>>> print(open('input-v2.pdb').read())   # PDB, C-alpha atoms
ATOM      1  CA  MET A   1     136.309 116.769-110.876
ATOM      2  CA  GLY A   2     139.633 115.059-110.197
ATOM      3  CA  ASP A   3     142.643 115.762-112.404
ATOM      4  CA  GLU A   4     142.695 112.188-113.759
ATOM      5  CA  ARG A   5     138.992 112.224-114.595
ATOM      6  CA  LEU A   6     139.282 115.671-116.176
ATOM      7  CA  LYS A   7     142.178 114.442-118.309
ATOM      8  CA  ILE A   8     140.128 111.442-119.505
ATOM      9  CA  VAL A   9     137.172 113.669-120.441
ATOM     10  CA  LEU A  10     139.464 116.167-122.166
ATOM     11  CA  ASP A  11     141.245 113.413-124.139
ATOM     12  CA  HIS A  12     137.924 111.880-125.195
ATOM     13  CA  THR A  13     136.512 115.264-126.239
ATOM     14  CA  ARG A  14     139.635 116.101-128.246
ATOM     15  CA  ALA A  15     139.546 112.676-129.919
ATOM     16  CA  MET A  16     135.889 113.153-130.936
ATOM     17  CA  PHE A  17     136.561 116.695-132.169
ATOM     18  CA  ILE A  18     139.506 115.502-134.269
ATOM     19  CA  TYR A  19     137.527 112.500-135.576
ATOM     20  CA  HIS A  20     134.574 114.608-136.776
ATOM     21  CA  ALA A  21     136.812 117.339-138.198
ATOM     22  CA  ASP A  22     138.747 114.658-140.094
ATOM     23  CA  GLN A  23     135.475 113.238-141.449
ATOM     24  CA  ARG A  24     134.547 116.685-142.682
ATOM     25  CA  ILE A  25     137.863 117.144-144.493
ATOM     26  CA  LYS A  26     137.742 113.643-146.024
ATOM     27  CA  SER A  27     134.229 114.175-147.398
ATOM     28  CA  LEU A  28     135.324 117.493-148.887
ATOM     29  CA  ASN A  29     138.380 115.806-150.442
ATOM     30  CA  PHE A  30     136.081 113.195-152.008
ATOM     31  CA  TYR A  31     133.924 115.993-153.378
ATOM     32  CA  PHE A  32     136.942 117.761-154.879
ATOM     33  CA  VAL A  33     137.847 114.518-156.668
ATOM     34  CA  ALA A  34     134.267 113.944-157.875
ATOM     35  CA  ILE A  35     133.842 117.474-159.302
ATOM     36  CA  PRO A  36     136.469 117.072-162.070
ATOM     37  CA  VAL A  37     135.157 113.598-162.929
ATOM     38  CA  PHE A  38     131.641 114.935-163.502
ATOM     39  CA  ALA A  39     132.894 118.082-165.250
ATOM     40  CA  SER A  40     135.125 116.045-167.591
ATOM     41  CA  ALA A  41     132.362 113.570-168.401
ATOM     42  CA  LEU A  42     129.914 116.426-168.971
ATOM     43  CA  GLY A  43     132.354 118.260-171.224
ATOM     44  CA  TYR A  44     133.055 115.092-173.176
ATOM     45  CA  ALA A  45     129.337 114.335-173.549
ATOM     46  CA  LEU A  46     128.563 117.819-174.829
ATOM     47  CA  ILE A  47     131.412 118.243-177.342
ATOM     48  CA  THR A  48     132.290 114.756-178.565
ATOM     49  CA  GLY A  49     131.653 113.936-182.187
ATOM     50  CA  ASN A  50     131.119 110.238-181.414
ATOM     51  CA  LEU A  51     127.554 110.777-180.184
ATOM     52  CA  THR A  52     124.475 112.100-181.906
ATOM     53  CA  CYS A  53     123.230 115.496-180.767
ATOM     54  CA  ALA A  54     120.294 113.866-178.980
ATOM     55  CA  MET A  55     122.616 111.440-177.167
ATOM     56  CA  ARG A  56     124.856 114.354-176.133
ATOM     57  CA  GLY A  57     121.833 116.134-174.742
ATOM     58  CA  PHE A  58     120.700 113.022-172.870
ATOM     59  CA  PHE A  59     124.118 112.337-171.311
ATOM     60  CA  GLY A  60     124.593 116.020-170.499
ATOM     61  CA  LEU A  61     121.192 116.141-168.803
ATOM     62  CA  THR A  62     121.918 112.977-166.815
ATOM     63  CA  LEU A  63     125.388 114.130-165.731
ATOM     64  CA  GLY A  64     124.173 117.645-164.904
ATOM     65  CA  ILE A  65     121.411 116.344-162.643
ATOM     66  CA  ALA A  66     123.749 113.753-161.078
ATOM     67  CA  GLY A  67     126.349 116.468-160.385
ATOM     68  CA  ALA A  68     123.737 118.691-158.737
ATOM     69  CA  VAL A  69     122.448 115.788-156.602
ATOM     70  CA  LEU A  70     126.002 114.818-155.604
ATOM     71  CA  SER A  71     126.756 118.419-154.620
ATOM     72  CA  TYR A  72     123.578 118.661-152.575
ATOM     73  CA  CYS A  73     124.274 115.355-150.781
ATOM     74  CA  CYS A  74     127.867 116.379-150.022
ATOM     75  CA  TRP A  75     126.618 119.738-148.716
ATOM     76  CA  LEU A  76     124.161 117.925-146.395
ATOM     77  CA  LEU A  77     126.954 115.617-145.218
ATOM     78  CA  ASP A  78     129.172 118.640-144.534
ATOM     79  CA  LYS A  79     126.359 120.297-142.517
ATOM     80  CA  ARG A  80     125.939 117.089-140.492
ATOM     81  CA  ASN A  81     129.661 116.909-139.780
ATOM     82  CA  GLU A  82     129.546 120.552-138.684
ATOM     83  CA  GLN A  83     126.702 119.679-136.303
ATOM     84  CA  LEU A  84     128.838 116.901-134.820
ATOM     85  CA  ILE A  85     131.889 119.164-134.455
ATOM     86  CA  GLU A  86     130.179 122.074-132.677
ATOM     87  CA  PRO A  87     129.183 120.285-129.399
ATOM     88  CA  ASN A  88     132.678 118.789-129.112
ATOM     89  CA  LYS A  89     134.191 122.209-129.748
ATOM     90  CA  ALA A  90     131.988 123.833-127.078
ATOM     91  CA  LEU A  91     132.878 121.135-124.536
ATOM     92  CA  LEU A  92     136.556 121.388-125.444
ATOM     93  CA  ILE A  93     136.508 125.165-124.878
ATOM     94  CA  CYS A  94     134.782 124.690-121.519
ATOM     95  CA  LEU A  95     137.241 122.018-120.364
ATOM     96  CA  GLU A  96     140.316 123.914-121.564
ATOM     97  CA  THR A  97     139.121 127.064-119.795
ATOM     98  CA  ASP A  98     138.641 125.070-116.566
ATOM     99  CA  ILE A  99     142.113 123.508-116.813
ATOM    100  CA  SER A 100     144.093 126.643-117.726
ATOM    101  CA  PRO A 101     144.026 128.315-114.243
ATOM    102  CA  ILE A 102     145.219 125.038-112.696
ATOM    103  CA  HIS A 103     148.318 125.070-114.867
ATOM    104  CA  GLY A 104     149.000 128.798-114.541
ATOM    105  CA  ILE A 105     147.793 129.729-118.026
ATOM    106  CA  ARG A 106     145.488 132.702-118.488
ATOM    107  CA  PRO A 107     141.882 131.498-118.489
ATOM    108  CA  GLN A 108     141.242 131.266-122.220
ATOM    109  CA  SER A 109     140.953 128.057-124.143
ATOM    110  CA  PRO A 110     143.452 127.462-126.976
ATOM    111  CA  THR A 111     140.518 126.257-129.096
ATOM    112  CA  ASP A 112     138.542 129.407-128.301
ATOM    113  CA  GLN A 113     141.596 131.604-128.911
ATOM    114  CA  ALA A 114     142.106 130.012-132.348
ATOM    115  CA  ASP A 115     138.491 130.836-133.160
ATOM    116  CA  CYS A 116     138.727 134.501-132.085
ATOM    117  CA  GLU A 117     138.756 137.332-134.559
ATOM    118  CA  ASN A 118     142.087 137.887-136.253
ATOM    119  CA  PRO A 119     142.389 141.162-138.176
ATOM    120  CA  ASN A 120     144.630 139.468-140.765
ATOM    121  CA  TYR A 121     142.086 136.712-141.384
ATOM    122  CA  PRO A 122     138.749 137.926-142.814
ATOM    123  CA  ARG A 123     135.556 136.493-141.365
ATOM    124  CA  TYR A 124     134.215 135.491-144.809
ATOM    125  CA  ALA A 125     137.297 133.335-145.514
ATOM    126  CA  ARG A 126     136.407 130.673-142.953
ATOM    127  CA  TYR A 127     135.614 127.060-143.798
ATOM    128  CA  GLY A 128     131.963 127.386-142.784
ATOM    129  CA  LYS A 129     131.489 130.345-145.146
ATOM    130  CA  VAL A 130     133.517 129.231-148.179
ATOM    131  CA  VAL A 131     132.495 125.576-148.521
ATOM    132  CA  PRO A 132     128.717 126.173-148.825
ATOM    133  CA  VAL A 133     129.452 128.726-151.572
ATOM    134  CA  ILE A 134     131.508 126.098-153.448
ATOM    135  CA  PHE A 135     128.642 123.602-153.177
ATOM    136  CA  GLY A 136     126.120 126.243-154.280
ATOM    137  CA  VAL A 137     128.167 127.325-157.289
ATOM    138  CA  TYR A 138     128.566 123.735-158.462
ATOM    139  CA  ILE A 139     124.851 123.009-157.973
ATOM    140  CA  VAL A 140     123.982 126.062-160.100
ATOM    141  CA  LEU A 141     126.551 125.154-162.787
ATOM    142  CA  SER A 142     125.322 121.542-162.883
ATOM    143  CA  LEU A 143     121.702 122.617-163.239
ATOM    144  CA  LEU A 144     122.702 125.118-165.934
ATOM    145  CA  ALA A 145     124.501 122.342-167.840
ATOM    146  CA  ALA A 146     121.433 120.127-167.393
ATOM    147  CA  ALA A 147     119.196 122.904-168.777
ATOM    148  CA  ILE A 148     121.475 123.414-171.798
ATOM    149  CA  SER A 149     121.531 119.653-172.343
ATOM    150  CA  LEU A 150     117.741 119.515-172.111
ATOM    151  CA  LEU A 151     117.566 122.239-174.731
ATOM    152  CA  ILE A 152     119.949 120.251-176.976
ATOM    153  CA  LEU A 153     117.846 117.144-176.371
ATOM    154  CA  CYS A 154     114.566 118.906-177.233
ATOM    155  CA  ILE A 155     115.957 120.544-180.363
ATOM    156  CA  ASN A 156     117.316 117.225-181.643
ATOM    157  CA  GLY A 157     114.276 114.983-181.409
ATOM    158  CA  GLY A 158     113.831 114.339-177.705
ATOM    159  CA  LEU A 159     114.143 111.132-175.734
ATOM    160  CA  LEU A 160     112.585 108.931-178.432
ATOM    161  CA  SER A 161     115.422 109.988-180.729
ATOM    162  CA  VAL A 162     117.925 108.814-178.112
ATOM    163  CA  ILE A 163     116.163 105.475-177.629
ATOM    164  CA  SER A 164     115.882 104.854-181.370
ATOM    165  CA  SER A 165     119.606 105.559-181.856
ATOM    166  CA  ILE A 166     120.547 102.708-179.496
ATOM    167  CA  PRO A 167     121.206  99.557-181.561
ATOM    168  CA  GLY A 168     118.403  97.033-181.139
ATOM    169  CA  CYS A 169     116.103  99.515-179.380
ATOM    170  CA  GLY A 170     114.671 101.293-182.408
ATOM    171  CA  LEU A 171     110.992 102.060-182.041
ATOM    172  CA  PRO A 172     108.942 102.199-185.236
ATOM    173  CA  SER A 173     107.537 105.601-186.039
ATOM    174  CA  PRO A 174     103.732 105.773-186.246
ATOM    175  CA  PHE A 175     104.193 107.229-189.754
ATOM    176  CA  SER A 176     106.641 104.640-191.078
ATOM    177  CA  HIS A 177     105.614 102.077-193.653
ATOM    178  CA  ALA A 178     106.502  99.219-191.286
ATOM    179  CA  SER A 179     103.788 100.201-188.818
ATOM    180  CA  TYR A 180     101.097  99.967-191.523
ATOM    181  CA  GLY A 181     102.227  96.634-192.903
ATOM    182  CA  HIS A 182     103.655  98.100-196.099
ATOM    183  CA  SER A 183     107.064  97.101-197.295
TER     184      SER A 183
END
>>> encode(input="input-v2.pdb", output="structure tokens")
Amino acid sequence: MGDERLKIVLDHTRAMFIYHADQRIKSLNFYFVAIPVFASALGYALITGNLTCAMRGFFGLTLGIAGAVLSYCCWLLDKRNEQLIEPNKALLICLETDISPIHGIRPQSPTDQADCENPNYPRYARYGKVVPVIFGVYIVLSLLAAAISLLILCINGGLLSVISSIPGCGLPSPFSHASYGHS
């Protein structure tokens, strides 16, 4: 492969690697903004005095499930971005290794060298190991909050209690006088 053609392929591969890595970081940044929003809303729903206990349970259940679904979707998106990064990384390592002897550099890719074991940098502290744990912890915490909210909801009259507390949506009880025509 000619030097000019090799340079074009290398530039394209680097650009794709950087693009997909940037996508991965941006989606994680979005997730780190969304986590406090859901946690704050969940905390507010569970401790506010402005809502009935049943309403708190309903909102807590909804936010807990939504937080777990958001975490799962962001985890899937992160896995997809990782799948897009890996082929570019492999090609980049191959191309850099091919170029290095031409330019008098020892035949090891800078990308590969950055990925090698470093005794000062533990293997478990890498992006691919830490981020799935963060997603997993938040999924578990969200489902736990949803379970607690469901318990609050069940103890305080269930979903019908929530619906009847909404102005204009009150459902008559089968045991109320109104349902039997009595006043």
>>> resolve_selection(input="input-v2.pdb", expression="the PyMOL selection byres ((chain A and resi 28) around 12)", output="VMD selection string")
chain A and resid 21 to 27 29 to 35 70 to 71 73 to 79 81 127 130 to 132 134 to 135
>>> closest_residue(input="input-v2.pdb", among="A:Leu150, A:Leu6, A:Cys94, A:Ala15", to="Gly64 in chain A", atoms="all atoms listed in the file")
A:Leu150
>>> closest_residue(input="input-v2.pdb", among="A:Tyr44, A:Phe38, A:Tyr19, A:Phe59", to="Lys89 in chain A", atoms="all atoms listed in the file")
A:Tyr19
>>> residues_around(input="input-v2.pdb", residues="Gly67 in chain A", least_positions_apart="6", cutoff="10 Å", atoms="all atoms listed in the file", output="list of chain:residue names")
A:Ala34, A:Ile35, A:Val37, A:Phe38, A:Ala39, A:Leu42, A:Leu61, A:Cys73, A:Tyr138, A:Ile139, A:Val140, A:Leu141, A:Ser142, A:Leu143, A:Ala145, A:Ala146
>>> residues_around(input="input-v2.pdb", residues="Cys154 in chain A", least_positions_apart="6", cutoff="10 Å", atoms="all atoms listed in the file", output="PyMOL selection string")
chain A and resi 53-54+57-58+148+161
>>> atom_distance(input="input-v2.pdb", atom1="CA of Arg126 in chain A", atom2="CA of Gln83 in chain A")
16.1 Å
>>> closest_residue(input="input-v2.pdb", among="A:Glu82, A:Thr62, A:Ala147, A:Asn156", to="Gly128 in chain A", atoms="all atoms listed in the file")
A:Glu82
>>> atom_distance(input="input-v2.pdb", atom1="CA of Met16 in chain A", atom2="CA of Asn88 in chain A")
6.7 Å
>>> atom_distance(input="input-v2.pdb", atom1="CA of Val137 in chain A", atom2="CA of Ile155 in chain A")
27.0 Å
>>> closest_residue(input="input-v2.pdb", among="A:Pro36, A:Glu86, A:Ala41, A:Asp3", to="Ile18 in chain A", atoms="only C-alpha atoms")
A:Glu86
>>> axis_aligned_box(input="input-v2.pdb", around="range 45-55 of chain A", padding_each_side="3 Å", output="lines of an AutoDock Vina configuration file")
center_x = 126.3
center_y = 114.2
center_z = -177.9
size_x = 18.0
size_y = 14.0
size_z = 14.6
>>> decode(input="input-v2.pdb", residues="range 71-92 of chain A", atoms="N, CA and C atoms", output="mmCIF file, in the first residue's frame")
data_model
loop_
_atom_site.group_PDB
_atom_site.id
_atom_site.type_symbol
_atom_site.label_atom_id
_atom_site.label_comp_id
_atom_site.auth_asym_id
_atom_site.auth_seq_id
_atom_site.Cartn_x
_atom_site.Cartn_y
_atom_site.Cartn_z
ATOM 1 N N SER A 71 -31.640 3.441 32.617
ATOM 2 C CA SER A 71 -30.313 2.863 32.871
ATOM 3 C C SER A 71 -30.040 1.701 31.931
ATOM 4 N N TYR A 72 -31.032 0.852 31.741
ATOM 5 C CA TYR A 72 -30.857 -0.300 30.859
ATOM 6 C C TYR A 72 -30.631 0.156 29.412
ATOM 7 N N CYS A 73 -31.407 1.129 28.961
ATOM 8 C CA CYS A 73 -31.236 1.641 27.584
ATOM 9 C C CYS A 73 -29.864 2.293 27.400
ATOM 10 N N CYS A 74 -29.430 3.066 28.384
ATOM 11 C CA CYS A 74 -28.103 3.694 28.292
ATOM 12 C C CYS A 74 -27.000 2.638 28.319
ATOM 13 N N TRP A 75 -27.185 1.583 29.089
ATOM 14 C CA TRP A 75 -26.207 0.488 29.113
ATOM 15 C C TRP A 75 -26.137 -0.186 27.744
ATOM 16 N N LEU A 76 -27.296 -0.435 27.114
ATOM 17 C CA LEU A 76 -27.307 -1.024 25.765
ATOM 18 C C LEU A 76 -26.632 -0.103 24.753
ATOM 19 N N LEU A 77 -26.893 1.195 24.857
ATOM 20 C CA LEU A 77 -26.255 2.164 23.964
ATOM 21 C C LEU A 77 -24.740 2.169 24.162
ATOM 22 N N ASP A 78 -24.296 2.083 25.411
ATOM 23 C CA ASP A 78 -22.863 2.033 25.699
ATOM 24 C C ASP A 78 -22.239 0.760 25.105
ATOM 25 N N LYS A 79 -22.936 -0.369 25.225
ATOM 26 C CA LYS A 79 -22.421 -1.630 24.643
ATOM 27 C C LYS A 79 -22.316 -1.507 23.125
ATOM 28 N N ARG A 80 -23.307 -0.856 22.502
ATOM 29 C CA ARG A 80 -23.269 -0.681 21.045
ATOM 30 C C ARG A 80 -22.108 0.221 20.637
ATOM 31 N N ASN A 81 -21.893 1.289 21.375
ATOM 32 C CA ASN A 81 -20.756 2.161 21.075
ATOM 33 C C ASN A 81 -19.443 1.414 21.243
ATOM 34 N N GLU A 82 -19.362 0.550 22.254
ATOM 35 C CA GLU A 82 -18.157 -0.259 22.442
ATOM 36 C C GLU A 82 -17.941 -1.188 21.245
ATOM 37 N N GLN A 83 -19.033 -1.760 20.732
ATOM 38 C CA GLN A 83 -18.926 -2.619 19.551
ATOM 39 C C GLN A 83 -18.440 -1.843 18.328
ATOM 40 N N LEU A 84 -18.794 -0.586 18.234
ATOM 41 C CA LEU A 84 -18.345 0.238 17.105
ATOM 42 C C LEU A 84 -16.894 0.687 17.278
ATOM 43 N N ILE A 85 -16.444 0.831 18.511
ATOM 44 C CA ILE A 85 -15.072 1.270 18.774
ATOM 45 C C ILE A 85 -14.070 0.153 18.515
ATOM 46 N N GLU A 86 -14.387 -1.062 18.925
ATOM 47 C CA GLU A 86 -13.422 -2.168 18.873
ATOM 48 C C GLU A 86 -12.862 -2.459 17.479
ATOM 49 N N PRO A 87 -13.682 -2.549 16.401
ATOM 50 C CA PRO A 87 -13.086 -2.792 15.074
ATOM 51 C C PRO A 87 -12.159 -1.667 14.625
ATOM 52 N N ASN A 88 -12.539 -0.417 14.933
ATOM 53 C CA ASN A 88 -11.689 0.722 14.584
ATOM 54 C C ASN A 88 -10.379 0.665 15.355
ATOM 55 N N LYS A 89 -10.465 0.268 16.618
ATOM 56 C CA LYS A 89 -9.265 0.154 17.447
ATOM 57 C C LYS A 89 -8.342 -0.932 16.899
ATOM 58 N N ALA A 90 -8.908 -2.076 16.524
ATOM 59 C CA ALA A 90 -8.099 -3.180 15.981
ATOM 60 C C ALA A 90 -7.419 -2.764 14.673
ATOM 61 N N LEU A 91 -8.163 -2.090 13.799
ATOM 62 C CA LEU A 91 -7.588 -1.621 12.539
ATOM 63 C C LEU A 91 -6.524 -0.561 12.788
ATOM 64 N N LEU A 92 -6.767 0.319 13.722
ATOM 65 C CA LEU A 92 -5.808 1.362 14.072
ATOM 66 C C LEU A 92 -4.504 0.743 14.581
#
